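Engineer: Contents are TSV, C-alpha atoms and all ligand atoms; file name upload03.tsv:
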chain	number	residue	atom	x	y	z
K	13	MET	CA	-19.97	25.96	62.92
K	14	ASP	CA	-20.11	25.14	59.19
K	15	THR	CA	-23.73	26.32	59.17
K	16	PHE	CA	-22.68	29.59	60.78
K	17	ILE	CA	-19.96	30.09	58.12
K	18	LYS	CA	-22.44	29.36	55.33
K	19	GLN	CA	-24.98	31.74	56.87
K	20	SER	CA	-22.21	34.37	56.92
K	21	GLY	CA	-22.01	34.06	53.13
K	22	LEU	CA	-18.58	32.41	53.24
K	23	GLY	CA	-19.67	28.88	52.26
K	24	HIS	CA	-17.76	28.95	48.95
K	25	ILE	CA	-14.55	29.96	50.75
K	26	LEU	CA	-15.06	27.28	53.40
K	27	GLU	CA	-15.32	24.67	50.64
K	28	LYS	CA	-12.07	25.86	49.05
K	29	VAL	CA	-10.29	25.97	52.42
K	30	ARG	CA	-11.42	22.44	53.29
K	31	ALA	CA	-10.31	21.18	49.86
K	32	GLY	CA	-6.94	22.91	50.21
K	33	GLU	CA	-7.71	25.00	47.12
K	34	ARG	CA	-5.98	28.33	46.53
K	35	LEU	CA	-8.06	31.44	47.32
K	36	SER	CA	-8.37	34.11	44.63
K	37	LEU	CA	-7.77	37.82	45.16
K	38	ALA	CA	-11.56	38.27	44.98
K	39	ASP	CA	-11.89	35.78	47.86
K	40	GLY	CA	-9.31	37.81	49.77
K	41	LYS	CA	-11.35	40.96	49.24
K	42	THR	CA	-14.49	39.19	50.46
K	43	LEU	CA	-12.60	38.17	53.60
K	44	TYR	CA	-11.13	41.61	54.29
K	45	GLU	CA	-14.55	43.22	53.85
K	46	HIS	CA	-16.43	40.64	55.89
K	47	PRO	CA	-17.76	42.01	59.18
K	48	ASN	CA	-17.63	38.77	61.17
K	49	ILE	CA	-14.16	38.32	62.62
K	50	LEU	CA	-15.11	34.99	64.22
K	51	ALA	CA	-15.95	33.55	60.80
K	52	LEU	CA	-12.54	34.66	59.49
K	53	GLY	CA	-10.82	33.20	62.54
K	54	TYR	CA	-12.60	29.88	62.08
K	55	LEU	CA	-11.47	29.64	58.45
K	56	ALA	CA	-7.89	30.71	59.21
K	57	ASN	CA	-7.71	28.24	62.08
K	58	ILE	CA	-8.47	25.35	59.71
K	59	VAL	CA	-5.33	26.17	57.71
K	60	ARG	CA	-3.29	26.95	60.81
K	61	GLU	CA	-4.13	23.61	62.44
K	62	ARG	CA	-3.60	21.68	59.21
K	63	LYS	CA	-0.09	23.12	58.93
K	64	ASN	CA	1.00	23.38	62.55
K	65	GLY	CA	-1.52	21.48	64.67
K	66	ASP	CA	-1.76	22.92	68.14
K	67	LYS	CA	1.81	24.18	68.22
K	68	VAL	CA	2.87	27.74	68.87
K	69	TYR	CA	6.53	28.46	68.29
K	70	PHE	CA	8.77	30.91	70.07
K	71	ILE	CA	12.49	31.53	70.07
K	72	TYR	CA	15.10	32.64	72.55
K	73	ASN	CA	16.49	35.63	70.65
K	74	GLN	CA	18.20	38.99	71.03
K	75	HIS	CA	17.80	42.02	68.77
K	76	ILE	CA	20.66	44.32	67.86
K	77	ASN	CA	19.79	47.51	65.95
K	78	TYR	CA	23.34	48.56	65.07
K	79	SER	CA	22.56	52.07	63.78
K	80	ASN	CA	19.63	54.33	62.91
K	81	ILE	CA	21.53	56.71	60.65
K	82	CYS	CA	19.67	56.32	57.40
K	83	VAL	CA	19.54	57.87	53.95
K	84	ASN	CA	16.03	56.65	53.18
K	85	LEU	CA	14.09	58.36	55.98
K	86	CYS	CA	10.76	56.69	55.20
K	87	LYS	CA	7.71	58.65	56.27
K	88	PHE	CA	6.39	55.87	58.52
K	89	CYS	CA	9.65	55.34	60.35
K	90	ALA	CA	10.44	56.87	63.74
K	91	PHE	CA	13.73	55.02	63.99
K	92	GLY	CA	15.79	56.35	61.05
K	93	ARG	CA	17.66	59.64	61.59
K	94	LYS	CA	19.97	62.00	59.77
K	95	ARG	CA	23.52	61.86	61.10
K	96	GLU	CA	23.23	65.32	62.72
K	97	ASP	CA	20.04	64.42	64.61
K	98	PRO	CA	20.56	64.31	68.39
K	99	LEU	CA	18.91	60.87	68.48
K	100	ALA	CA	21.16	59.42	65.77
K	101	TYR	CA	23.46	56.61	66.90
K	102	GLU	CA	25.89	54.09	65.52
K	103	MET	CA	27.30	51.21	67.56
K	104	SER	CA	30.96	50.36	67.29
K	105	ILE	CA	31.94	46.73	66.70
K	106	GLU	CA	33.18	46.70	70.30
K	107	GLU	CA	29.77	47.87	71.56
K	108	ILE	CA	28.10	45.14	69.55
K	109	ARG	CA	30.50	42.56	71.01
K	110	GLN	CA	29.60	43.89	74.46
K	111	LYS	CA	25.84	43.52	73.77
K	112	VAL	CA	26.41	39.88	72.85
K	113	ARG	CA	28.69	39.25	75.84
K	114	GLU	CA	26.13	40.74	78.26
K	115	ARG	CA	23.79	37.82	77.60
K	116	LEU	CA	26.17	34.90	77.26
K	117	ASP	CA	24.57	33.24	80.29
K	118	GLU	CA	21.25	32.95	78.43
K	119	PRO	CA	20.44	30.18	75.92
K	120	ILE	CA	20.05	32.55	72.99
K	121	GLU	CA	19.56	30.76	69.65
K	122	GLU	CA	19.29	33.74	67.33
K	123	LEU	CA	20.65	37.23	66.96
K	124	HIS	CA	18.30	39.45	64.97
K	125	VAL	CA	20.45	42.23	63.50
K	126	VAL	CA	18.78	45.09	61.66
K	127	GLY	CA	19.85	48.69	61.17
K	128	SER	CA	19.47	51.30	58.48
K	129	VAL	CA	20.64	52.28	55.02
K	130	HIS	CA	23.75	53.89	56.43
K	131	PRO	CA	25.46	56.60	54.35
K	132	ASP	CA	29.07	55.60	54.82
K	133	LEU	CA	29.84	52.40	56.73
K	134	PRO	CA	31.85	50.25	54.28
K	135	PHE	CA	30.94	46.69	53.28
K	136	SER	CA	33.92	45.42	55.29
K	137	TRP	CA	32.33	46.80	58.49
K	138	TYR	CA	29.30	44.51	58.07
K	139	LEU	CA	31.52	41.48	57.47
K	140	GLU	CA	33.53	42.40	60.54
K	141	MET	CA	30.34	42.75	62.62
K	142	LEU	CA	29.12	39.27	61.63
K	143	LYS	CA	32.52	37.75	62.39
K	144	ALA	CA	32.71	39.55	65.75
K	145	ILE	CA	29.27	38.21	66.77
K	146	LYS	CA	30.32	34.68	65.80
K	147	GLU	CA	33.53	35.04	67.79
K	148	GLU	CA	31.60	36.06	70.90
K	149	ARG	CA	28.88	33.44	70.46
K	150	PRO	CA	30.03	30.77	67.98
K	151	GLY	CA	26.86	28.65	67.89
K	152	VAL	CA	24.38	31.44	67.39
K	153	HIS	CA	22.27	31.83	64.24
K	154	ILE	CA	22.54	35.35	62.85
K	155	GLN	CA	19.38	36.53	61.14
K	156	ALA	CA	20.45	39.86	59.74
K	157	PHE	CA	19.81	42.62	57.21
K	158	THR	CA	16.53	43.23	55.44
K	159	ALA	CA	16.45	42.95	51.65
K	160	VAL	CA	16.78	46.76	51.62
K	161	GLU	CA	20.05	46.62	53.56
K	162	ILE	CA	21.35	43.74	51.40
K	163	HIS	CA	20.61	45.73	48.23
K	164	HIS	CA	22.53	48.68	49.72
K	165	LEU	CA	25.46	46.51	50.83
K	166	ALA	CA	25.82	45.01	47.36
K	167	LYS	CA	25.80	48.51	45.89
K	168	ILE	CA	28.49	49.91	48.19
K	169	ALA	CA	30.59	46.78	47.73
K	170	GLY	CA	30.34	47.11	43.94
K	171	LYS	CA	29.12	43.53	43.78
K	172	SER	CA	26.03	41.70	42.58
K	173	VAL	CA	23.50	40.81	45.29
K	174	GLN	CA	24.49	37.18	44.79
K	175	GLU	CA	28.19	37.90	45.37
K	176	ALA	CA	27.52	40.14	48.38
K	177	LEU	CA	25.30	37.48	49.95
K	178	LYS	CA	27.96	34.85	49.39
K	179	GLU	CA	30.50	36.90	51.35
K	180	LEU	CA	28.04	37.75	54.10
K	181	MET	CA	27.10	34.08	54.43
K	182	ALA	CA	30.78	33.12	54.66
K	183	ALA	CA	31.13	35.68	57.48
K	184	GLY	CA	28.21	34.20	59.45
K	185	LEU	CA	24.90	35.36	57.96
K	186	GLY	CA	22.39	32.54	58.54
K	187	SER	CA	19.09	33.96	57.25
K	188	MET	CA	17.37	37.27	56.56
K	189	PRO	CA	14.49	38.93	58.41
K	190	GLY	CA	11.45	40.09	56.48
K	191	GLY	CA	11.60	43.85	56.92
K	192	GLY	CA	11.61	46.57	54.30
K	193	ALA	CA	8.81	44.99	52.26
K	194	GLU	CA	6.27	47.58	53.50
K	195	VAL	CA	3.60	47.46	50.76
K	196	PHE	CA	4.95	46.61	47.30
K	197	SER	CA	2.51	48.92	45.47
K	198	PRO	CA	4.44	51.67	43.59
K	199	ARG	CA	1.74	54.15	44.72
K	200	ILE	CA	2.32	53.40	48.39
K	201	ARG	CA	6.11	53.41	48.01
K	202	GLN	CA	6.00	56.77	46.24
K	203	LEU	CA	3.89	58.26	49.04
K	204	THR	CA	5.56	56.67	52.04
K	205	CYS	CA	9.13	55.67	51.17
K	206	PRO	CA	10.18	57.17	47.83
K	207	GLU	CA	13.90	56.61	48.47
K	208	LYS	CA	13.53	52.93	49.25
K	209	ILE	CA	14.12	50.13	46.69
K	210	SER	CA	11.00	49.15	44.76
K	211	GLY	CA	8.81	46.18	45.58
K	212	GLU	CA	10.24	44.38	42.52
K	213	GLU	CA	13.78	44.96	43.80
K	214	TRP	CA	12.84	43.68	47.28
K	215	LEU	CA	11.41	40.53	45.72
K	216	GLU	CA	14.50	40.10	43.53
K	217	VAL	CA	16.81	40.22	46.58
K	218	ALA	CA	14.62	37.60	48.31
K	219	ARG	CA	14.65	35.45	45.14
K	220	THR	CA	18.46	35.66	44.94
K	221	ALA	CA	18.80	34.76	48.63
K	222	HIS	CA	16.49	31.76	48.27
K	223	LYS	CA	18.39	30.53	45.22
K	224	GLN	CA	21.55	30.50	47.34
K	225	GLY	CA	19.82	28.47	50.02
K	226	LEU	CA	19.34	31.41	52.38
K	227	LYS	CA	15.92	31.38	54.04
K	228	THR	CA	14.11	34.67	54.63
K	229	ASN	CA	10.96	36.05	56.18
K	230	ALA	CA	8.50	38.50	54.67
K	231	THR	CA	6.48	41.33	56.17
K	232	MET	CA	3.73	43.78	55.25
K	233	LEU	CA	3.28	47.12	56.99
K	234	TYR	CA	-0.50	47.63	57.22
K	235	GLY	CA	-2.89	50.12	58.76
K	236	HIS	CA	-1.85	53.42	57.14
K	237	ILE	CA	-2.92	54.56	53.64
K	238	GLU	CA	-2.91	51.25	51.79
K	239	THR	CA	-6.07	49.82	50.24
K	240	VAL	CA	-7.34	46.28	50.66
K	241	GLU	CA	-6.46	45.65	46.99
K	242	GLU	CA	-2.88	46.79	47.60
K	243	ARG	CA	-2.56	44.44	50.58
K	244	LEU	CA	-3.85	41.56	48.48
K	245	GLU	CA	-1.47	42.33	45.60
K	246	HIS	CA	1.37	42.32	48.13
K	247	LEU	CA	0.30	38.92	49.47
K	248	ASP	CA	-0.10	37.59	45.95
K	249	ALA	CA	3.42	38.67	44.95
K	250	LEU	CA	4.82	36.85	48.00
K	251	ARG	CA	2.72	33.77	47.26
K	252	ARG	CA	4.00	33.66	43.68
K	253	LEU	CA	7.63	33.97	44.77
K	254	GLN	CA	7.14	31.27	47.37
K	255	ASP	CA	5.73	28.97	44.65
K	256	GLU	CA	8.93	29.58	42.72
K	257	THR	CA	11.56	29.26	45.48
K	258	GLY	CA	10.01	27.85	48.68
K	259	GLY	CA	12.49	30.07	50.56
K	260	PHE	CA	10.17	31.95	52.91
K	261	LEU	CA	9.87	30.73	56.48
K	262	ALA	CA	7.32	33.09	58.00
K	263	PHE	CA	5.10	36.01	57.14
K	264	ILE	CA	4.76	38.79	59.69
K	265	PRO	CA	2.00	41.38	59.29
K	266	LEU	CA	3.36	44.56	60.95
K	267	ALA	CA	0.81	46.91	62.52
K	268	PHE	CA	1.61	50.55	61.74
K	269	HIS	CA	2.57	52.63	64.79
K	270	PRO	CA	1.81	56.31	64.25
K	271	LYS	CA	3.92	58.11	66.88
K	272	ASN	CA	6.98	60.23	66.05
K	273	ASN	CA	6.73	59.80	62.29
K	274	GLU	CA	5.39	61.94	59.45
K	275	LEU	CA	2.87	59.42	58.13
K	276	GLY	CA	1.38	58.98	61.58
K	277	GLN	CA	0.48	62.63	62.08
K	278	GLY	CA	-3.25	62.88	62.77
K	279	ARG	CA	-3.59	59.11	62.45
K	280	SER	CA	-4.46	56.52	65.11
K	281	GLY	CA	-2.91	53.10	65.48
K	282	THR	CA	-4.58	49.98	64.13
K	283	THR	CA	-7.63	48.48	65.85
K	284	GLY	CA	-7.85	44.96	67.24
K	285	ILE	CA	-10.19	43.89	64.44
K	286	CYS	CA	-7.82	45.25	61.77
K	287	ASP	CA	-4.93	43.33	63.39
K	288	LEU	CA	-6.87	40.06	63.57
K	289	LYS	CA	-8.12	40.44	59.99
K	290	ASN	CA	-4.58	40.84	58.71
K	291	ILE	CA	-3.43	37.77	60.59
K	292	ALA	CA	-6.42	35.69	59.40
K	293	VAL	CA	-6.41	36.84	55.77
K	294	SER	CA	-2.67	36.36	55.42
K	295	ARG	CA	-2.97	32.83	56.85
K	296	LEU	CA	-5.68	32.07	54.30
K	297	MET	CA	-4.05	33.70	51.27
K	298	LEU	CA	-0.48	32.56	51.92
K	299	ASP	CA	-1.29	28.87	51.58
K	300	ASN	CA	2.36	28.07	50.80
K	301	PHE	CA	3.91	29.84	53.81
K	302	PRO	CA	4.60	27.46	56.68
K	303	HIS	CA	4.27	30.08	59.44
K	304	ILE	CA	2.40	33.27	60.32
K	305	LYS	CA	4.03	35.24	63.09
K	306	ALA	CA	2.14	37.38	65.62
K	307	TYR	CA	5.05	39.65	66.53
K	308	TRP	CA	4.10	40.62	70.09
K	309	ILE	CA	6.28	43.75	70.08
K	310	MET	CA	4.14	45.29	67.32
K	311	LEU	CA	0.77	43.73	68.17
K	312	GLY	CA	0.99	44.06	71.91
K	313	VAL	CA	1.16	40.97	74.09
K	314	LYS	CA	-2.61	40.58	74.51
K	315	MET	CA	-3.48	40.94	70.82
K	316	ALA	CA	-0.65	38.57	69.87
K	317	GLN	CA	-2.07	35.98	72.26
K	318	VAL	CA	-5.55	36.29	70.73
K	319	ALA	CA	-4.01	36.07	67.23
K	320	LEU	CA	-3.04	32.48	68.06
K	321	SER	CA	-6.73	31.60	67.51
K	322	PHE	CA	-6.91	33.57	64.24
K	323	GLY	CA	-4.22	31.92	62.14
K	324	ALA	CA	-0.90	32.74	63.84
K	325	ASP	CA	1.39	29.95	65.05
K	326	ASP	CA	4.45	31.91	66.20
K	327	LEU	CA	4.99	34.67	68.77
K	328	ASP	CA	8.61	35.50	67.81
K	329	GLY	CA	10.72	35.62	70.93
K	330	THR	CA	12.28	37.06	74.02
K	331	VAL	CA	13.81	40.03	72.10
K	332	LYS	CA	15.02	42.10	75.09
K	333	GLU	CA	15.83	45.38	73.38
K	334	GLU	CA	14.06	46.72	70.27
K	335	ARG	CA	14.08	50.26	68.95
K	336	ILE	CA	12.06	50.37	65.70
K	337	THR	CA	8.61	49.87	67.25
K	338	ASN	CA	9.60	51.44	70.52
K	339	MET	CA	10.50	54.75	68.88
K	340	ALA	CA	7.18	54.75	66.97
K	341	GLY	CA	5.20	54.53	70.22
K	342	GLY	CA	5.03	50.75	70.71
K	343	GLU	CA	3.84	50.03	74.23
K	344	ALA	CA	4.28	46.28	74.44
K	345	GLY	CA	7.65	46.57	76.14
K	346	GLN	CA	10.90	45.19	74.80
K	347	ALA	CA	11.42	41.86	76.53
K	348	LEU	CA	9.44	38.78	77.53
K	349	GLY	CA	10.83	35.94	79.59
K	350	HIS	CA	10.43	32.49	78.09
K	351	LYS	CA	8.23	31.51	81.05
K	352	THR	CA	5.82	34.33	80.15
K	353	LEU	CA	5.79	33.26	76.50
K	354	ILE	CA	4.98	29.68	77.57
K	355	ARG	CA	2.20	30.87	79.85
K	356	LEU	CA	0.66	33.05	77.12
K	357	ILE	CA	0.66	30.10	74.71
K	358	ARG	CA	-0.74	27.59	77.22
K	359	GLU	CA	-3.51	29.98	78.25
K	360	ALA	CA	-4.47	30.25	74.57
K	361	GLY	CA	-5.03	26.47	74.63
K	362	ARG	CA	-1.97	25.76	72.50
K	363	LYS	CA	1.23	23.78	72.87
K	364	PRO	CA	4.41	25.86	73.32
K	365	VAL	CA	7.40	24.75	71.25
K	366	GLN	CA	10.76	26.45	71.54
K	367	ARG	CA	12.33	26.61	68.08
K	368	ASP	CA	15.49	27.65	66.32
K	369	THR	CA	15.42	30.15	63.45
K	370	LEU	CA	14.80	27.52	60.78
K	371	TYR	CA	12.07	25.75	62.80
K	372	GLU	CA	14.31	22.69	62.94
K	373	LYS	CA	15.56	22.26	66.48
K	374	LEU	CA	12.33	22.04	68.42
K	375	VAL	CA	11.84	21.62	72.16
K	376	ASP	CA	8.40	20.86	73.58
K	377	CYS	CA	7.80	22.93	76.71
B	1	LIG	O1	10.94	47.17	57.72
B	1	LIG	C1	9.05	50.80	60.55
B	1	LIG	C2	8.61	48.36	60.09
B	1	LIG	C3	10.24	46.82	59.99
B	1	LIG	C4	7.25	51.29	61.64
B	1	LIG	O2	11.56	38.83	60.01
B	1	LIG	C5	7.23	49.93	61.37
B	1	LIG	O3	11.06	37.82	61.85
B	1	LIG	C6	5.23	49.72	62.43
B	1	LIG	O4	10.74	43.73	59.77
B	1	LIG	N1	5.17	51.04	62.70
B	1	LIG	C7	11.41	46.21	60.73
B	1	LIG	N2	6.24	49.14	61.74
B	1	LIG	C8	10.97	45.10	61.67
B	1	LIG	C9	10.81	43.80	60.97
B	1	LIG	C10	10.73	42.53	61.75
B	1	LIG	C11	10.45	42.57	63.09
B	1	LIG	C12	10.38	41.37	63.79
B	1	LIG	C13	10.61	40.16	63.19
B	1	LIG	C14	10.91	40.16	61.84
B	1	LIG	C15	11.19	38.86	61.18
B	1	LIG	C16	10.96	41.33	61.10
B	1	LIG	O5	9.48	47.59	60.87
B	1	LIG	C17	10.53	47.78	58.88
B	1	LIG	C18	9.20	48.45	58.71
B	1	LIG	O6	8.38	47.73	57.84
B	1	LIG	N3	8.34	49.67	60.66
B	1	LIG	N4	8.39	51.82	61.15
B	1	LIG	C19	6.15	51.86	62.34
B	1	LIG	N5	6.08	53.15	62.59
What does the file become when written as structure tokens?
Ligand code: V47
Structural biologist:
Amino acid sequence: MDTFIKQSGLGHILEKVRAGERLSLADGKTLYEHPNILALGYLANIVRERKNGDKVYFIYNQHINYSNICVNLCKFCAFGRKREDPLAYEMSIEEIRQKVRERLDEPIEELHVVGSVHPDLPFSWYLEMLKAIKEERPGVHIQAFTAVEIHHLAKIAGKSVQEALKELMAAGLGSMPGGGAEVFSPRIRQLTCPEKISGEEWLEVARTAHKQGLKTNATMLYGHIETVEERLEHLDALRRLQDETGGFLAFIPLAFHPKNNELGQGRSGTTGICDLKNIAVSRLMLDNFPHIKAYWIMLGVKMAQVALSFGADDLDGTVKEERITNMAGGEAGQALGHKTLIRLIREAGRKPVQRDTLYEKLVDC
């Protein structure tokens, strides 16, 4: 296999990967532009197995998308709506309680709570929501609010991000998901989400969270108008912040879905090779991230399974109900039973491990 990698012109990268040396942005470009996906997979798998052996993690989780009424209205998003839109919705705290109660008979470890940049819900509403979830399901870990939402909540509360996070943590916030990162490049943000906080601001919220001991994830939305250089700069910014704080748990490359959004008009979805490249290159570039997640809702179940041989070590979870990808044309469905997740992992020749949000409580399956 080493001969094959050398013949593919990737010998110098193989040497660095074997030595545990950091790859440069130029190496990243070589990888993205390399035509042989098997060579990339082989390299990414070295790092993946060094960090996580044969394990593939999954979690018993439930998503709650509390509202889609949004002031940002990003051009790639099919979920966010103006208040007057017939598809706009906002759950009451009672409805959220009900969603949690509906699944009390299932061993759910994590509630993944993400919504929108809502024009007028007050800060107290978010605290109340966290407390209500904890009342219904006291032991659950709440992974909630992207850095974009946190920035907004601090603003409406008239507090610093640090102070807002402190109150949210006291009300039950356990960690933050990685959304809203998109692509940090100012060019891409200007063209696709001009109302959203900047990449620098996103990173600053993550930095503040990490300094308070709050773990977070990170994402990158790929497969639209971004260049390879812009992807690599995004990965590099995350890698530098992780060197500084060590607060990121997982990186999740998010495949752009083109339906029902402005950016997607006339555009097709990502290809399998593009998906696998983004998994493999992120595994290789993000040498200080413990986990790379193949989020099956975005990738599709089959591609997510294949991604387990190209650098990914996590499939996310059972989910049940998800609206962001679904509204943008996602066809993977919205729920997987844990038996299906285990089967997918075993068939990929890996060892299924049920985890909690922080990858601490682990159960071999
Ligand atoms: O921030 C929006 C993305 C994100 C589209 O942290 C789209 O474990 C594709 O971040 N096509 C929200 N993507 C979802 C998210 C997430 C999901 C699962 C797990 C975790 C985690 C995080 O979805 C948004 C945005 O980047 N998004 N529209 C679209 N059309």
Engineer: Could you list the protein, DNA and RNA residues that have any atom within 7 Å of ligand LIG 1 (chain B), counting only C-alpha atoms and all ligand atoms, and write them as a ChimeraX atom specification?
Structural biologist: /K:88-91,188-194,229-233,264,266-271,273,307,310,328,336-337,340
Engineer: Skipping near chain neighbours, those fewer than 5 positions away, what residues fall within 12 Å of Gly235 (chain K) using all atoms listed in the file, listed as a ChimeraX atom specification?
Structural biologist: /K:88,194-195,240,242-243,265-270,275-276,279-290,311
Engineer: With only C-alpha atoms as the atoms that count, which of K:Leu226, K:Val126, K:Ile309, K:Ala262 lies nearest to Met141 (chain K)?
Structural biologist: K:Val126
Engineer: Quick one: everything within 7 Å of region 163-180 of chain K, counting only C-alpha atoms, minus sequence neighbours fewer than 5 positions away in the same chain. Send it as number ranges by chain.
Structural biologist: K: 129, 134-135, 139, 185, 217, 220
Engineer: One number please: CA of Met181 (chain K) to CA of His153 (chain K), in Å, one decimal.
Structural biologist: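 Separating CA of Met181 (chain K) from CA of His153 (chain K) is a distance of 11.2 Å.
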Engineer: Under the rule that only C-alpha atoms are counted, which of K:Glu147, K:Glu343, K:Asp66, K:Glu207 is the nearest residue to Leu116 (chain K)?
Structural biologist: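 Smallest separation from Leu116 (chain K) among the options: K:Glu147.
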Engineer: How far is it from CA of Phe70 (chain K) to CA of Val152 (chain K), in Å with one decimal?
Structural biologist: 15.8 Å
Engineer: Work out how far apart CA of Met297 (chain K) and CA of Asp39 (chain K) are and give it in Å to one decimal.
Structural biologist: 8.8 Å
Engineer: Export N, CA, C and O atoms of region 28-43 of chain K from the structure just given, as a short mmCIF file (atom, residue, chain, number, x, y, z; two decimals), in the first residue's frame?
Structural biologist:
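Saved file result.cif follows:
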data_model
loop_
_atom_site.label_atom_id
_atom_site.label_comp_id
_atom_site.auth_asym_id
_atom_site.auth_seq_id
_atom_site.Cartn_x
_atom_site.Cartn_y
_atom_site.Cartn_z
N LYS K 28 4.90 12.36 6.58
CA LYS K 28 4.46 13.29 7.65
C LYS K 28 3.37 12.64 8.50
O LYS K 28 3.39 12.74 9.73
N VAL K 29 2.43 11.97 7.84
CA VAL K 29 1.31 11.35 8.57
C VAL K 29 1.86 10.27 9.51
O VAL K 29 1.49 10.20 10.68
N ARG K 30 2.75 9.45 9.01
CA ARG K 30 3.33 8.39 9.84
C ARG K 30 4.11 8.96 11.03
O ARG K 30 4.08 8.44 12.13
N ALA K 31 4.77 10.11 10.78
CA ALA K 31 5.58 10.71 11.86
C ALA K 31 4.73 11.57 12.80
O ALA K 31 5.24 12.15 13.75
N GLY K 32 3.44 11.69 12.49
CA GLY K 32 2.57 12.52 13.33
C GLY K 32 2.87 14.00 13.16
O GLY K 32 2.62 14.81 14.06
N GLU K 33 3.42 14.36 11.99
CA GLU K 33 3.77 15.77 11.74
C GLU K 33 2.59 16.54 11.18
O GLU K 33 1.81 15.96 10.40
N ARG K 34 2.48 17.79 11.51
CA ARG K 34 1.36 18.62 11.04
C ARG K 34 1.45 18.85 9.52
O ARG K 34 2.52 19.16 8.99
N LEU K 35 0.31 18.73 8.83
CA LEU K 35 0.28 19.00 7.39
C LEU K 35 0.11 20.50 7.15
O LEU K 35 -0.59 21.18 7.89
N SER K 36 0.76 20.98 6.10
CA SER K 36 0.66 22.41 5.75
C SER K 36 -0.59 22.64 4.89
O SER K 36 -1.21 21.69 4.41
N LEU K 37 -0.92 23.91 4.69
CA LEU K 37 -2.05 24.22 3.81
C LEU K 37 -1.76 23.74 2.39
O LEU K 37 -2.67 23.31 1.67
N ALA K 38 -0.48 23.81 1.98
CA ALA K 38 -0.11 23.32 0.64
C ALA K 38 -0.37 21.81 0.56
O ALA K 38 -0.86 21.30 -0.47
N ASP K 39 -0.07 21.09 1.63
CA ASP K 39 -0.37 19.64 1.65
C ASP K 39 -1.88 19.43 1.50
O ASP K 39 -2.34 18.54 0.78
N GLY K 40 -2.64 20.25 2.21
CA GLY K 40 -4.10 20.14 2.13
C GLY K 40 -4.60 20.34 0.71
O GLY K 40 -5.49 19.63 0.24
N LYS K 41 -3.99 21.30 0.02
CA LYS K 41 -4.40 21.57 -1.37
C LYS K 41 -4.06 20.37 -2.25
O LYS K 41 -4.86 19.95 -3.09
N THR K 42 -2.87 19.82 -2.03
CA THR K 42 -2.48 18.62 -2.79
C THR K 42 -3.52 17.52 -2.59
O THR K 42 -3.94 16.84 -3.53
N LEU K 43 -3.94 17.35 -1.34
CA LEU K 43 -4.91 16.29 -1.04
C LEU K 43 -6.25 16.57 -1.71
O LEU K 43 -6.83 15.70 -2.37
#
